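Enquirer: This is the structure, below, for whatever I ask next.
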Amino acid sequence: MTVLLIQPPNSYENEAWKYDNIPDCPPLGLLLLGAELEEKGIDFDICDGVDGTFPLEEIKKKLSPEVGVIGITSMTANIRGAVQVAEFIRKHSNARIILGGSHVSADPEIIDRYECFDYGIMREGDVTFPKLIRSIENGTDKTDYPSPIIEGEIPEDLNKLPLPKWDAIDWSYYKNNRGFWTNAVFASRGCPYVCSFCSIPAIAKTVRYNSPERVVEEMEFLLKINGIKYFTFVDDLFTLNKKWVIEVCKAIIDSGLNKKIAWNAQARINTVNDEVLGWMKRAGCYNLVFGVESGSERIREQVIGKRLKNQAVIDVTRLCKSHDIEADWYLMLGFHSETRADMEDTINLPLKAEPNIIGIHITTPLPGAPLWDQVISDKQLPPDTIDRYIRGELGPYFKGCWPYYIPEGFTLQELVKIRDEGYKRFYRRVKYILYRLKRDYRSWEKLKQDARHLISLLRFGASDDDKTVLNDWHSVHTVGGWYDKSKAETEKVESNYSAVSQQREEALHELAIYDPDDAVVLASEESTTSHP
C-alpha cells in the first residue's frame with residue numbers, strides 16, 4: 001500500500017495562493033512523516049500544493065489503486081483547501097483520508113462535521129500515523145481506533161525519530177520557483193507559555209530537545225544536499241533552555257559549521273543573556289526574532305500574559321547589538337481593552353530600543369488560542385466561523401477575510417492607519433537609513449534594494465497583512481460584525497493597500513535579508529577568539 005501525503009493551498013478556488021503568503025520552504029511536517037513511513041517499510045508520495053502546483057486534477061492522477069491512505073496536513077489558514085481536496089478525493093477513491101496538522105488539534109470536532117475525513121490525529125503524528133496505517137492495512141483500524149478523533153502519542157525522545165526525508169523533494173524546484181533560501185530545522189518542540197493570541201498550547205506544551213549532535217548532523221546533511229548556507233531554527237522557542245542552547249552552539253563550533261553557515265531563531269526576551277548571546281554569535285547566529293507584541297506593559301502582562309518589562313525589552317535588544325546579532329521584533333495592534341495610548345506605546349517603543357526591523361500586525365483570533373475561546377464565549381464571533389470560512393462565506397482568501405480583533409471604540413482602518421504610522425516613524429529615521437547604508441555598503445545590489453524598498457515603505461507604510469480588499473471583495477470580517485465598505489471607499493482602500501501590498505511585504509522581507517556569505521567571513525574572522 002502507498003500513502004499519499006498532501007499539503008493543500010488555502011483554497012483551490014480563485015488562485016488563493018497568489019494572495020496569501022506562500023511558504024518558500026519544503027513541507028517539514030510531511031518530510032518528518034515520510035521518514036517515519038520509510039523506516040517502517042511503507043511507500044509514500046508527497047504533494048506540496050500550497051502554491052497551486054498540484055490542482056485537483058493533478059491530485060486525481062495520483063490516486064492509483066495502490067494508494068490506500070491519504071494524509072492531509074492543515075493549519076487553520078488552509079483548512080478550507082484541506083476540506084476541498086478531501087471531498088474531491090472521496091469522489092474518486094476509496095482510500096482512507098486522515099487529517100493532521102495544527103488545525104485539527106485546535107478543532108478536533110471538524111472530523112465529526114465533515115464526513116470526507118475518516119480520522120483526525122491531534123497533536124503530533126510521528127508515532128500514531130504509521131500505527132494507524134498498519135491497522136488500516138490489517139483491517140483492524142475500527143477496532144484499534146474506535147473513535148475517528150485520535151490523540152497522537154507524543155514522542156518524548158526526539159533523537160529516536162529519523163531525520164526528515166529531505167531527499168524526497170526536488171530542491172531545484174524550491175530554489176527556482178519559490179525563491180527558497182533558508183533551511184528549516186526543528187531542534188526542539190513545544191512551548192510552555194500560554195500567550196492569549198497563540199494556538200501553540202493546543203498543539204504541544206511539553207518541551208523536548210534534540211541532542212546537540214543530532215542538530216549538527218541534520219545541518220551538515222542539509223548543507224551537503226542543497227548547498228544552502230542559511231539556516232532557520234523553526235522551534236517555537238529556541239532559547240528556552242540556556243544550557244542546551246550553549247551545548248548546541250558548542251557542537252556547531254566543534255564541527256566547524258560556524259565557519260560555513262549563518263542562522264537565526266525565535267527567542268523570548270527573558271530567555272537570553274550575555275553568555276548565551278556570546279556563544280550564539282560564535283556559532284554563526286546573526287539574527288534573533290522576539291515577540292514583543294505590545295509597548296504597553298499593562299497589555300503585555302494583563303491581557304497577553306507575557307510578563308515582560310519594557311526596560312528588559314530595551315536592554316536585551318541593545319545586548320544583542322553589542323554581540324552584533326540583529327534583533328527583530330513582532331508587534332501587534334488590537335487587544336481587548338487596548339486604548340489609543342497603549343497603541344502609541346507600541347509604535348514608539350521601537351524608537352527607544354532601535355531593533356533591526358519591526359513587523360506590526362493586526363491581532364487575529366485563531367482556533368486553539370485563549371483569545372479565540374474568549375471571542376466565541378462572548379459571542380463576538382459566531383460559533384460556526386470556521387465552517388463559514390471553509391464554505392467561502394468569509395471571502396475567497398484567508399488574509400483580509402479571516403476575522404481581525406478590533407478593540408471597542410476602534411475600526412479596522414483606524415488600526416491600519418496607526419500601524420502605518422508606526423512603520424513610517426521607525427523606517428524614515430535618518431539614523432536607520434544610515435544604519436542600512438553602513439550594513440550594506442559593500443554591495444551595490446544591496447544598496448539598490450535598500451533604496452527601492454525603503455522608499456516603498458516610507459511612501460506607503462503598508463504590508464501584505466493589511467490586504468483588506470482583494471479583487472471584487474468588498475467586506476472585511478472583524479470580531480463584532482461585518483465591516484462593509486462602499487464601492488468608492490473600497491477602490492480607495494484597494495489603491496492604498498492592495499495594489500502595493502506585495503511590494504510592502506517584499507520590502508520588509510528584503511530589509512531582513514542577510515547574505516550568508518558575509519556570515520561565513522565573519523565567523524572565520526572570529527574563530528580565533530576566546531570562548532565567551
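Within each chain, counting starts at residue 1; across the C-alpha cells, chains are named A, B, ... in the order shown, with ligands numbered 1 upward in that order.
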Which of region 248-321 of chain A end up as strand (DSSP E or B) when DSSP is run on this backbone - answer as a list in words?
Expert: Ala262, Trp263, Asn264, Ala265, Gln266, Ala267, Cys285, Tyr286, Asn287, Leu288, Val289, Phe290, Gly291, Val292 and Glu293 of chain A
Enquirer: Could the residues in this selection be written to a file with N, CA, C and O atoms, as a short mmCIF file (atom, residue, chain, number, x, y, z; two decimals), in the first residue's frame?
Expert:
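Contents of result-v8.cif, freshly written:
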```cif
data_model
loop_
_atom_site.label_atom_id
_atom_site.label_comp_id
_atom_site.auth_asym_id
_atom_site.auth_seq_id
_atom_site.Cartn_x
_atom_site.Cartn_y
_atom_site.Cartn_z
N ALA A 262 25.24 30.57 8.42
CA ALA A 262 24.64 31.59 9.28
C ALA A 262 23.25 31.11 9.66
O ALA A 262 22.61 30.38 8.91
N TRP A 263 22.77 31.50 10.83
CA TRP A 263 21.45 31.03 11.25
C TRP A 263 20.73 32.03 12.15
O TRP A 263 21.36 32.93 12.71
N ASN A 264 19.42 31.86 12.24
CA ASN A 264 18.63 32.67 13.16
C ASN A 264 17.59 31.80 13.84
O ASN A 264 17.43 30.61 13.50
N ALA A 265 16.87 32.38 14.81
CA ALA A 265 15.90 31.61 15.58
C ALA A 265 14.93 32.56 16.26
O ALA A 265 15.14 33.78 16.30
N GLN A 266 13.86 31.98 16.80
CA GLN A 266 12.91 32.75 17.60
C GLN A 266 13.31 32.67 19.06
O GLN A 266 13.67 31.61 19.58
N ALA A 267 13.25 33.81 19.73
CA ALA A 267 13.67 33.89 21.12
C ALA A 267 12.64 34.66 21.93
O ALA A 267 11.69 35.23 21.38
N CYS A 285 25.16 32.59 14.69
CA CYS A 285 23.87 33.28 14.77
C CYS A 285 24.07 34.75 14.39
O CYS A 285 24.95 35.42 14.93
N TYR A 286 23.23 35.23 13.52
CA TYR A 286 23.29 36.65 13.16
C TYR A 286 22.01 37.38 13.51
O TYR A 286 21.97 38.61 13.55
N ASN A 287 20.91 36.65 13.81
CA ASN A 287 19.62 37.31 13.97
C ASN A 287 18.73 36.52 14.92
O ASN A 287 18.69 35.28 14.88
N LEU A 288 18.02 37.24 15.78
CA LEU A 288 17.00 36.64 16.64
C LEU A 288 15.71 37.43 16.48
O LEU A 288 15.73 38.66 16.34
N VAL A 289 14.59 36.71 16.49
CA VAL A 289 13.28 37.33 16.36
C VAL A 289 12.56 37.23 17.70
O VAL A 289 12.40 36.13 18.24
N PHE A 290 12.14 38.37 18.22
CA PHE A 290 11.48 38.43 19.52
C PHE A 290 10.01 38.83 19.36
O PHE A 290 9.69 39.76 18.63
N GLY A 291 9.14 38.13 20.08
CA GLY A 291 7.74 38.51 20.12
C GLY A 291 7.53 39.52 21.23
O GLY A 291 7.24 39.14 22.37
N VAL A 292 7.69 40.79 20.91
CA VAL A 292 7.48 41.85 21.91
C VAL A 292 6.00 42.14 22.06
O VAL A 292 5.51 42.46 23.14
N GLU A 293 5.25 42.05 20.96
CA GLU A 293 3.80 42.17 20.88
C GLU A 293 3.28 43.58 21.16
O GLU A 293 2.66 44.17 20.30
#
```
Enquirer: Residues within 8 Å of region 333-348 of chain A, please, as number ranges by chain. Count only C-alpha atoms; anything in the same chain fewer than 3 positions from it doesn't count.
Expert: A: 293-296, 299, 303, 351-352, 360-363, 405-408, 415, 418-419, 421-423, 425
Enquirer: Quick one: DSSP alpha helix (DSSP H) residues in region 173-358 of chain A, as an MDAnalysis selection string?
Expert: chainID A and resid 173:177 212:226 242:255 274:282 297:298 310:322 340:353
Enquirer: Contacts of Tyr12 (chain A) at 9 Å or less, counting only C-alpha atoms, minus same-chain residues fewer than 2 places along, as a PDB file with N, CA and C atoms, in the first residue's frame?
Expert:
```
ATOM      1  N   PRO A   8      -2.218  21.104   1.223  1.00  0.00           N
ATOM      2  CA  PRO A   8      -3.062  21.837   0.281  1.00  0.00           C
ATOM      3  C   PRO A   8      -2.838  23.348   0.361  1.00  0.00           C
ATOM      4  N   PRO A   9      -3.259  24.095  -0.662  1.00  0.00           N
ATOM      5  CA  PRO A   9      -3.249  25.556  -0.580  1.00  0.00           C
ATOM      6  C   PRO A   9      -4.374  26.033   0.323  1.00  0.00           C
ATOM      7  N   ASN A  10      -4.431  27.328   0.580  1.00  0.00           N
ATOM      8  CA  ASN A  10      -5.527  27.851   1.399  1.00  0.00           C
ATOM      9  C   ASN A  10      -6.875  27.557   0.763  1.00  0.00           C
ATOM     10  N   ASN A  14     -10.116  30.395  -7.056  1.00  0.00           N
ATOM     11  CA  ASN A  14      -9.680  31.791  -7.170  1.00  0.00           C
ATOM     12  C   ASN A  14      -8.174  31.991  -7.073  1.00  0.00           C
ATOM     13  N   GLU A  15      -7.404  30.908  -7.272  1.00  0.00           N
ATOM     14  CA  GLU A  15      -5.951  31.002  -7.167  1.00  0.00           C
ATOM     15  C   GLU A  15      -5.552  31.738  -5.884  1.00  0.00           C
ATOM     16  N   ALA A  16      -6.125  31.297  -4.771  1.00  0.00           N
ATOM     17  CA  ALA A  16      -5.956  31.997  -3.498  1.00  0.00           C
ATOM     18  C   ALA A  16      -4.503  32.053  -3.053  1.00  0.00           C
ATOM     19  N   TRP A  17      -3.705  31.068  -3.491  1.00  0.00           N
ATOM     20  CA  TRP A  17      -2.311  31.058  -3.059  1.00  0.00           C
ATOM     21  C   TRP A  17      -1.562  32.298  -3.552  1.00  0.00           C
ATOM     22  N   GLY A  52      -0.314  26.055  -5.525  1.00  0.00           N
ATOM     23  CA  GLY A  52      -1.124  25.664  -6.673  1.00  0.00           C
ATOM     24  C   GLY A  52      -0.459  24.665  -7.599  1.00  0.00           C
ATOM     25  N   PRO A  55      -3.055  21.131  -8.586  1.00  0.00           N
ATOM     26  CA  PRO A  55      -4.508  21.352  -8.579  1.00  0.00           C
ATOM     27  C   PRO A  55      -5.237  20.019  -8.464  1.00  0.00           C
ATOM     28  N   LEU A  56      -6.530  20.081  -8.276  1.00  0.00           N
ATOM     29  CA  LEU A  56      -7.297  18.865  -8.007  1.00  0.00           C
ATOM     30  C   LEU A  56      -7.150  17.823  -9.106  1.00  0.00           C
ATOM     31  N   ARG A  80      -9.649  25.223   4.603  1.00  0.00           N
ATOM     32  CA  ARG A  80     -10.611  25.224   3.500  1.00  0.00           C
ATOM     33  C   ARG A  80     -10.106  24.355   2.356  1.00  0.00           C
ATOM     34  N   GLY A  81      -8.833  24.524   2.005  1.00  0.00           N
ATOM     35  CA  GLY A  81      -8.250  23.695   0.959  1.00  0.00           C
ATOM     36  C   GLY A  81      -8.213  22.235   1.346  1.00  0.00           C
ATOM     37  N   GLN A  84     -11.657  20.858   0.777  1.00  0.00           N
ATOM     38  CA  GLN A  84     -11.919  20.773  -0.662  1.00  0.00           C
ATOM     39  C   GLN A  84     -11.246  19.559  -1.291  1.00  0.00           C
ATOM     40  N   VAL A  85      -9.965  19.336  -0.963  1.00  0.00           N
ATOM     41  CA  VAL A  85      -9.266  18.208  -1.575  1.00  0.00           C
ATOM     42  C   VAL A  85      -9.778  16.884  -1.022  1.00  0.00           C
TER      43      VAL A  85
END
```
Enquirer: Using only C-alpha atoms, what table do you get, as a Markdown table, when you list each residue of region 340-446 of chain A with an atom no more than 8 Å from region 314-323 of chain A, its nearest pair of atoms, and their distance in Å rounded to one decimal, rows by chain then rising number?
Expert:
```
| residue | atom | partner | partner_atom | distance |
| --- | --- | --- | --- | --- |
| A:Lys352 | CA | A:Ile314 | CA | 7.2 |
| A:Ala353 | CA | A:Ile314 | CA | 4.8 |
| A:Glu354 | CA | A:Thr317 | CA | 7.7 |
| A:Pro355 | CA | A:Thr317 | CA | 6.3 |
```
Enquirer: Restricting the output to all heavy atoms, write the selected residues as a CSV table (one decimal), in the first residue's frame.
Expert:
```csv
chain,number,residue,atom,x,y,z
A,352,LYS,N,12.9,53.7,20.9
A,352,LYS,CA,13.8,53.7,22.1
A,352,LYS,C,14.9,52.6,22.0
A,352,LYS,O,16.0,52.8,22.4
A,352,LYS,CB,13.0,53.6,23.4
A,352,LYS,CG,11.9,54.7,23.6
A,352,LYS,CD,11.1,54.4,24.8
A,352,LYS,CE,10.0,55.5,25.0
A,352,LYS,NZ,9.1,55.2,26.1
A,353,ALA,N,14.5,51.4,21.6
A,353,ALA,CA,15.4,50.3,21.6
A,353,ALA,C,16.1,50.1,20.3
A,353,ALA,O,17.2,49.5,20.2
A,353,ALA,CB,14.6,49.0,21.9
A,354,GLU,N,15.5,50.6,19.2
A,354,GLU,CA,16.1,50.5,17.8
A,354,GLU,C,16.5,49.1,17.4
A,354,GLU,O,17.6,48.8,17.2
A,354,GLU,CB,17.4,51.4,17.8
A,354,GLU,CG,17.0,52.9,18.0
A,354,GLU,CD,18.3,53.8,17.9
A,354,GLU,OE1,19.4,53.3,18.3
A,354,GLU,OE2,18.1,54.9,17.3
A,355,PRO,N,15.5,48.2,17.3
A,355,PRO,CA,15.7,46.9,16.7
A,355,PRO,C,16.1,47.0,15.3
A,355,PRO,O,16.0,48.0,14.7
A,355,PRO,CB,14.4,46.2,16.9
A,355,PRO,CG,13.4,47.2,17.0
A,355,PRO,CD,14.1,48.4,17.6
```
Enquirer: Under the rule that only C-alpha atoms are counted, which of A:Val207, A:Cys191, A:Ala106, A:Val272 is the nearest residue to Glu151 (chain A)?
Expert: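 Checking each of A:Val207, A:Cys191, A:Ala106, A:Val272 against Glu151 (chain A), counting only C-alpha atoms, the winner is A:Ala106.
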Enquirer: Just the number, please: distance in Å from CA of Leu33 (chain A) to CA of Arg90 (chain A), one decimal.
Expert: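 So the answer is 22.4 Å.
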Enquirer: Can you pull out every residue within 12 Å of Leu240 (chain A), counting only C-alpha atoms, but drop anything in the same chain fewer than 4 positions away, and send it as a compact mmCIF listing (two decimals) with all heavy atoms, in the first residue's frame?
Expert:
```
# COMPACT_ATOMS: atom_id res chain seq x y z
N ALA A 187 14.95 21.94 16.12
CA ALA A 187 15.91 21.46 17.12
C ALA A 187 15.20 21.07 18.41
O ALA A 187 15.72 20.29 19.21
CB ALA A 187 16.96 22.53 17.41
N SER A 188 14.00 21.61 18.61
CA SER A 188 13.20 21.27 19.79
C SER A 188 11.73 21.40 19.43
O SER A 188 11.38 21.93 18.38
CB SER A 188 13.55 22.20 20.97
OG SER A 188 13.18 23.54 20.68
N ARG A 189 10.88 20.92 20.32
CA ARG A 189 9.43 21.03 20.11
C ARG A 189 8.76 21.50 21.40
O ARG A 189 9.19 21.14 22.49
CB ARG A 189 8.82 19.69 19.70
CG ARG A 189 9.29 19.13 18.37
CD ARG A 189 8.46 17.92 17.98
NE ARG A 189 9.02 17.20 16.84
CZ ARG A 189 8.47 16.14 16.27
NH1 ARG A 189 7.30 15.68 16.74
NH2 ARG A 189 9.05 15.54 15.25
N GLY A 190 7.69 22.27 21.22
CA GLY A 190 6.88 22.66 22.35
C GLY A 190 7.23 24.02 22.92
O GLY A 190 8.33 24.55 22.72
N CYS A 191 6.26 24.61 23.62
CA CYS A 191 6.45 25.89 24.31
C CYS A 191 5.59 25.88 25.57
O CYS A 191 4.40 25.57 25.51
CB CYS A 191 6.05 27.05 23.41
SG CYS A 191 6.21 28.68 24.19
N PRO A 192 6.16 26.22 26.74
CA PRO A 192 5.40 26.15 27.98
C PRO A 192 4.53 27.37 28.25
O PRO A 192 3.71 27.36 29.16
CB PRO A 192 6.51 26.05 29.04
CG PRO A 192 7.65 26.83 28.45
CD PRO A 192 7.57 26.58 26.96
N TYR A 193 4.72 28.43 27.47
CA TYR A 193 3.99 29.67 27.72
C TYR A 193 2.61 29.62 27.08
O TYR A 193 2.36 28.89 26.13
CB TYR A 193 4.78 30.86 27.19
CG TYR A 193 6.10 31.07 27.91
CD1 TYR A 193 7.30 30.69 27.32
CD2 TYR A 193 6.14 31.65 29.18
CE1 TYR A 193 8.52 30.88 27.97
CE2 TYR A 193 7.34 31.84 29.84
CZ TYR A 193 8.52 31.45 29.23
OH TYR A 193 9.71 31.64 29.89
N VAL A 207 7.93 20.45 26.33
CA VAL A 207 9.13 20.83 25.59
C VAL A 207 10.12 19.66 25.59
O VAL A 207 10.42 19.08 26.63
CB VAL A 207 9.79 22.07 26.22
CG1 VAL A 207 11.03 22.49 25.43
CG2 VAL A 207 8.79 23.23 26.28
N ARG A 208 10.59 19.32 24.38
CA ARG A 208 11.58 18.25 24.22
C ARG A 208 12.68 18.73 23.28
O ARG A 208 12.44 19.60 22.44
CB ARG A 208 10.91 17.00 23.63
CG ARG A 208 9.95 16.30 24.57
CD ARG A 208 8.71 15.80 23.85
NE ARG A 208 7.91 16.91 23.38
CZ ARG A 208 7.22 16.88 22.24
NH1 ARG A 208 7.25 15.82 21.46
NH2 ARG A 208 6.50 17.92 21.87
N TYR A 209 13.86 18.14 23.41
CA TYR A 209 15.02 18.64 22.67
C TYR A 209 15.72 17.52 21.90
O TYR A 209 15.85 16.39 22.40
CB TYR A 209 16.03 19.27 23.63
CG TYR A 209 15.48 20.41 24.44
CD1 TYR A 209 14.93 20.19 25.70
CD2 TYR A 209 15.51 21.71 23.94
CE1 TYR A 209 14.42 21.24 26.45
CE2 TYR A 209 15.01 22.77 24.69
CZ TYR A 209 14.46 22.53 25.94
OH TYR A 209 13.95 23.57 26.67
N ASP A 235 11.90 26.23 15.79
CA ASP A 235 11.36 25.88 17.10
C ASP A 235 10.42 26.98 17.59
O ASP A 235 10.62 28.17 17.30
CB ASP A 235 12.49 25.73 18.12
CG ASP A 235 13.61 24.82 17.64
OD1 ASP A 235 13.91 24.84 16.44
OD2 ASP A 235 14.20 24.13 18.47
N ASP A 236 9.41 26.60 18.36
CA ASP A 236 8.51 27.59 18.94
C ASP A 236 9.28 28.58 19.80
O ASP A 236 8.97 29.77 19.83
CB ASP A 236 7.42 26.90 19.76
CG ASP A 236 6.58 25.96 18.92
OD1 ASP A 236 6.23 26.34 17.79
OD2 ASP A 236 6.31 24.84 19.38
N TRP A 244 21.10 24.08 27.19
CA TRP A 244 21.01 23.32 25.95
C TRP A 244 21.45 24.16 24.76
O TRP A 244 22.15 23.69 23.87
CB TRP A 244 19.58 22.83 25.75
CG TRP A 244 19.33 22.16 24.44
CD1 TRP A 244 19.62 20.87 24.08
CD2 TRP A 244 18.71 22.76 23.29
NE1 TRP A 244 19.23 20.63 22.79
CE2 TRP A 244 18.67 21.76 22.28
CE3 TRP A 244 18.18 24.02 23.02
CZ2 TRP A 244 18.12 22.02 21.02
CZ3 TRP A 244 17.64 24.27 21.78
CH2 TRP A 244 17.61 23.27 20.80
N VAL A 245 21.05 25.44 24.73
CA VAL A 245 21.44 26.33 23.63
C VAL A 245 22.96 26.42 23.55
O VAL A 245 23.56 26.35 22.47
CB VAL A 245 20.83 27.73 23.82
CG1 VAL A 245 21.44 28.72 22.81
CG2 VAL A 245 19.32 27.69 23.66
N ILE A 246 23.62 26.57 24.70
CA ILE A 246 25.08 26.67 24.71
C ILE A 246 25.71 25.38 24.21
O ILE A 246 26.68 25.40 23.45
CB ILE A 246 25.57 27.01 26.14
CG1 ILE A 246 25.16 28.44 26.51
CG2 ILE A 246 27.09 26.85 26.24
CD1 ILE A 246 25.47 28.83 27.95
N ALA A 265 16.87 32.38 14.81
CA ALA A 265 15.90 31.61 15.58
C ALA A 265 14.93 32.56 16.26
O ALA A 265 15.14 33.78 16.30
CB ALA A 265 16.62 30.75 16.62
N GLN A 266 13.86 31.98 16.80
CA GLN A 266 12.91 32.75 17.60
C GLN A 266 13.31 32.67 19.06
O GLN A 266 13.67 31.61 19.58
CB GLN A 266 11.49 32.21 17.43
CG GLN A 266 10.94 32.40 16.04
CD GLN A 266 9.45 32.18 16.00
OE1 GLN A 266 8.65 33.07 16.25
NE2 GLN A 266 9.06 30.97 15.65
N ALA A 267 13.25 33.81 19.73
CA ALA A 267 13.67 33.89 21.12
C ALA A 267 12.64 34.66 21.93
O ALA A 267 11.69 35.23 21.38
CB ALA A 267 15.04 34.57 21.22
N ARG A 268 12.83 34.65 23.22
CA ARG A 268 11.98 35.41 24.14
C ARG A 268 12.90 36.29 24.99
O ARG A 268 14.00 35.85 25.36
CB ARG A 268 11.16 34.45 25.00
CG ARG A 268 10.10 35.11 25.89
CD ARG A 268 9.36 34.02 26.65
NE ARG A 268 8.54 34.55 27.73
CZ ARG A 268 7.21 34.67 27.68
NH1 ARG A 268 6.58 34.31 26.59
NH2 ARG A 268 6.54 35.15 28.71
N ILE A 269 12.46 37.48 25.30
CA ILE A 269 13.31 38.45 25.97
C ILE A 269 13.94 37.90 27.25
O ILE A 269 15.13 38.12 27.52
CB ILE A 269 12.49 39.73 26.30
CG1 ILE A 269 12.10 40.47 25.01
CG2 ILE A 269 13.28 40.65 27.23
CD1 ILE A 269 13.27 41.01 24.22
N ASN A 270 13.17 37.14 28.02
CA ASN A 270 13.68 36.68 29.31
C ASN A 270 14.44 35.35 29.22
O ASN A 270 14.75 34.75 30.25
CB ASN A 270 12.53 36.53 30.31
CG ASN A 270 11.52 35.47 29.89
OD1 ASN A 270 11.32 35.23 28.70
ND2 ASN A 270 10.89 34.82 30.86
N THR A 271 14.76 34.89 28.00
CA THR A 271 15.46 33.60 27.87
C THR A 271 16.87 33.75 27.30
O THR A 271 17.49 32.73 26.96
CB THR A 271 14.66 32.62 26.99
OG1 THR A 271 14.52 33.17 25.67
CG2 THR A 271 13.28 32.35 27.59
N VAL A 272 17.35 34.97 27.15
CA VAL A 272 18.72 35.16 26.68
C VAL A 272 19.48 36.06 27.65
O VAL A 272 18.88 36.89 28.34
CB VAL A 272 18.77 35.77 25.26
CG1 VAL A 272 18.13 34.85 24.24
CG2 VAL A 272 18.11 37.14 25.21
N ASN A 273 20.78 35.88 27.68
CA ASN A 273 21.64 36.74 28.48
C ASN A 273 22.97 36.92 27.76
O ASN A 273 23.16 36.41 26.65
CB ASN A 273 21.83 36.19 29.90
CG ASN A 273 22.41 34.78 29.91
OD1 ASN A 273 23.08 34.36 28.95
ND2 ASN A 273 22.17 34.05 30.98
N VAL A 276 24.78 33.51 26.80
CA VAL A 276 24.12 32.78 25.72
C VAL A 276 24.32 33.48 24.38
O VAL A 276 24.65 32.84 23.37
CB VAL A 276 22.60 32.63 26.02
CG1 VAL A 276 21.86 32.10 24.79
CG2 VAL A 276 22.39 31.69 27.19
```
Enquirer: Contacts between region 153-173 of chain A and region 192-214 of chain A, please, where a residue of region 192-214 of chain A counts if it comes within 12 Å (with only C-alpha atoms); show its shortest atom pair and distance in Å to one decimal, rows by chain and ascending number, as JSON lines.
Expert:
```
{"residue": "A:Ile203", "atom": "CA", "partner": "A:Ile154", "partner_atom": "CA", "distance": 10.4}
{"residue": "A:Ala204", "atom": "CA", "partner": "A:Ile154", "partner_atom": "CA", "distance": 8.6}
{"residue": "A:Lys205", "atom": "CA", "partner": "A:Ile154", "partner_atom": "CA", "distance": 10.6}
{"residue": "A:Thr206", "atom": "CA", "partner": "A:Ile154", "partner_atom": "CA", "distance": 8.7}
{"residue": "A:Val207", "atom": "CA", "partner": "A:Glu156", "partner_atom": "CA", "distance": 8.9}
{"residue": "A:Arg208", "atom": "CA", "partner": "A:Glu156", "partner_atom": "CA", "distance": 6.6}
{"residue": "A:Tyr209", "atom": "CA", "partner": "A:Leu158", "partner_atom": "CA", "distance": 6.5}
{"residue": "A:Asn210", "atom": "CA", "partner": "A:Leu158", "partner_atom": "CA", "distance": 5.5}
{"residue": "A:Ser211", "atom": "CA", "partner": "A:Asn159", "partner_atom": "CA", "distance": 6.7}
{"residue": "A:Pro212", "atom": "CA", "partner": "A:Asn159", "partner_atom": "CA", "distance": 10.0}
{"residue": "A:Glu213", "atom": "CA", "partner": "A:Asn159", "partner_atom": "CA", "distance": 9.6}
{"residue": "A:Arg214", "atom": "CA", "partner": "A:Asn159", "partner_atom": "CA", "distance": 6.9}
```
Enquirer: Write out as a PyMOL selection string the residues lying within 7 Å of region 18-22 of chain A, counting only C-alpha atoms and excluding same-chain residues fewer than 6 positions away.
Expert: chain A and resi 50-51+398-399
Enquirer: Pick out the closest residue to Lys306 (chain A) from this set: A:Thr411, A:Thr128, A:Thr53, A:Ser196. Count only C-alpha atoms.
Expert: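 Nearest to Lys306 (chain A): A:Ser196.
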Enquirer: How many Å separate CA of Gly120 (chain A) from CA of Leu394 (chain A)?
Expert: 24.6 Å
Enquirer: To one decimal place in Å, what is the distance between CA of Pro403 (chain A) and CA of Ser377 (chain A)?
Expert: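 About the pair CA of Pro403 (chain A) and CA of Ser377 (chain A): they are 15.5 Å apart.
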Enquirer: Taking 6 positions as the minimum chain separation for residues in the same chain, which residues sit within 9 Å of Tyr389 (chain A) when counting only C-alpha atoms? Answer as a short mmCIF file (atom, residue, chain, number, x, y, z; two decimals) with N, CA, C and O atoms, in the first residue's frame.
Expert:
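Below you can see out.cif, which holds the result:
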```cif
data_model
loop_
_atom_site.label_atom_id
_atom_site.label_comp_id
_atom_site.auth_asym_id
_atom_site.auth_seq_id
_atom_site.Cartn_x
_atom_site.Cartn_y
_atom_site.Cartn_z
N ILE A 79 -7.30 25.16 6.02
CA ILE A 79 -8.29 24.13 6.32
C ILE A 79 -9.38 24.10 5.25
O ILE A 79 -9.96 23.05 4.96
N ARG A 80 -9.65 25.22 4.60
CA ARG A 80 -10.61 25.22 3.50
C ARG A 80 -10.11 24.35 2.36
O ARG A 80 -10.84 23.53 1.79
N GLY A 395 -15.12 35.05 2.44
CA GLY A 395 -14.35 35.62 1.35
C GLY A 395 -13.53 34.55 0.66
O GLY A 395 -13.41 33.43 1.13
N PRO A 396 -12.92 34.90 -0.46
CA PRO A 396 -12.21 33.90 -1.26
C PRO A 396 -10.80 33.59 -0.78
O PRO A 396 -10.16 32.70 -1.30
N TYR A 397 -10.29 34.34 0.20
CA TYR A 397 -8.92 34.15 0.64
C TYR A 397 -8.87 33.99 2.15
O TYR A 397 -9.92 33.89 2.79
N PHE A 398 -7.66 33.97 2.71
CA PHE A 398 -7.53 33.94 4.17
C PHE A 398 -7.25 35.34 4.70
O PHE A 398 -8.00 35.87 5.49
N CYS A 401 -9.87 38.24 4.98
CA CYS A 401 -11.20 37.62 5.07
C CYS A 401 -11.41 36.96 6.44
O CYS A 401 -12.51 37.00 6.97
N TRP A 402 -10.35 36.36 6.97
CA TRP A 402 -10.46 35.82 8.32
C TRP A 402 -10.59 36.99 9.30
O TRP A 402 -9.99 38.04 9.10
#
```
Enquirer: For Ile150 (chain A), find every residue with an atom within 8 Å (counting only C-alpha atoms), except residues of its own chain fewer than 3 positions away, and show them as a VMD selection string.
Expert: chain A and resid 119 to 122 145 147
Enquirer: For those residues, write C-alpha atoms to a file as an mmCIF file, in the first residue's frame.
Expert:
```
data_model
loop_
_atom_site.group_PDB
_atom_site.id
_atom_site.type_symbol
_atom_site.label_atom_id
_atom_site.label_comp_id
_atom_site.auth_asym_id
_atom_site.auth_seq_id
_atom_site.Cartn_x
_atom_site.Cartn_y
_atom_site.Cartn_z
ATOM 1 C CA TYR A 119 -9.711 10.087 11.038
ATOM 2 C CA GLY A 120 -8.090 13.117 12.596
ATOM 3 C CA ILE A 121 -4.825 12.895 14.540
ATOM 4 C CA MET A 122 -4.369 15.577 17.181
ATOM 5 C CA TYR A 145 -9.153 3.193 16.838
ATOM 6 C CA SER A 147 -13.046 6.996 17.643
#
```
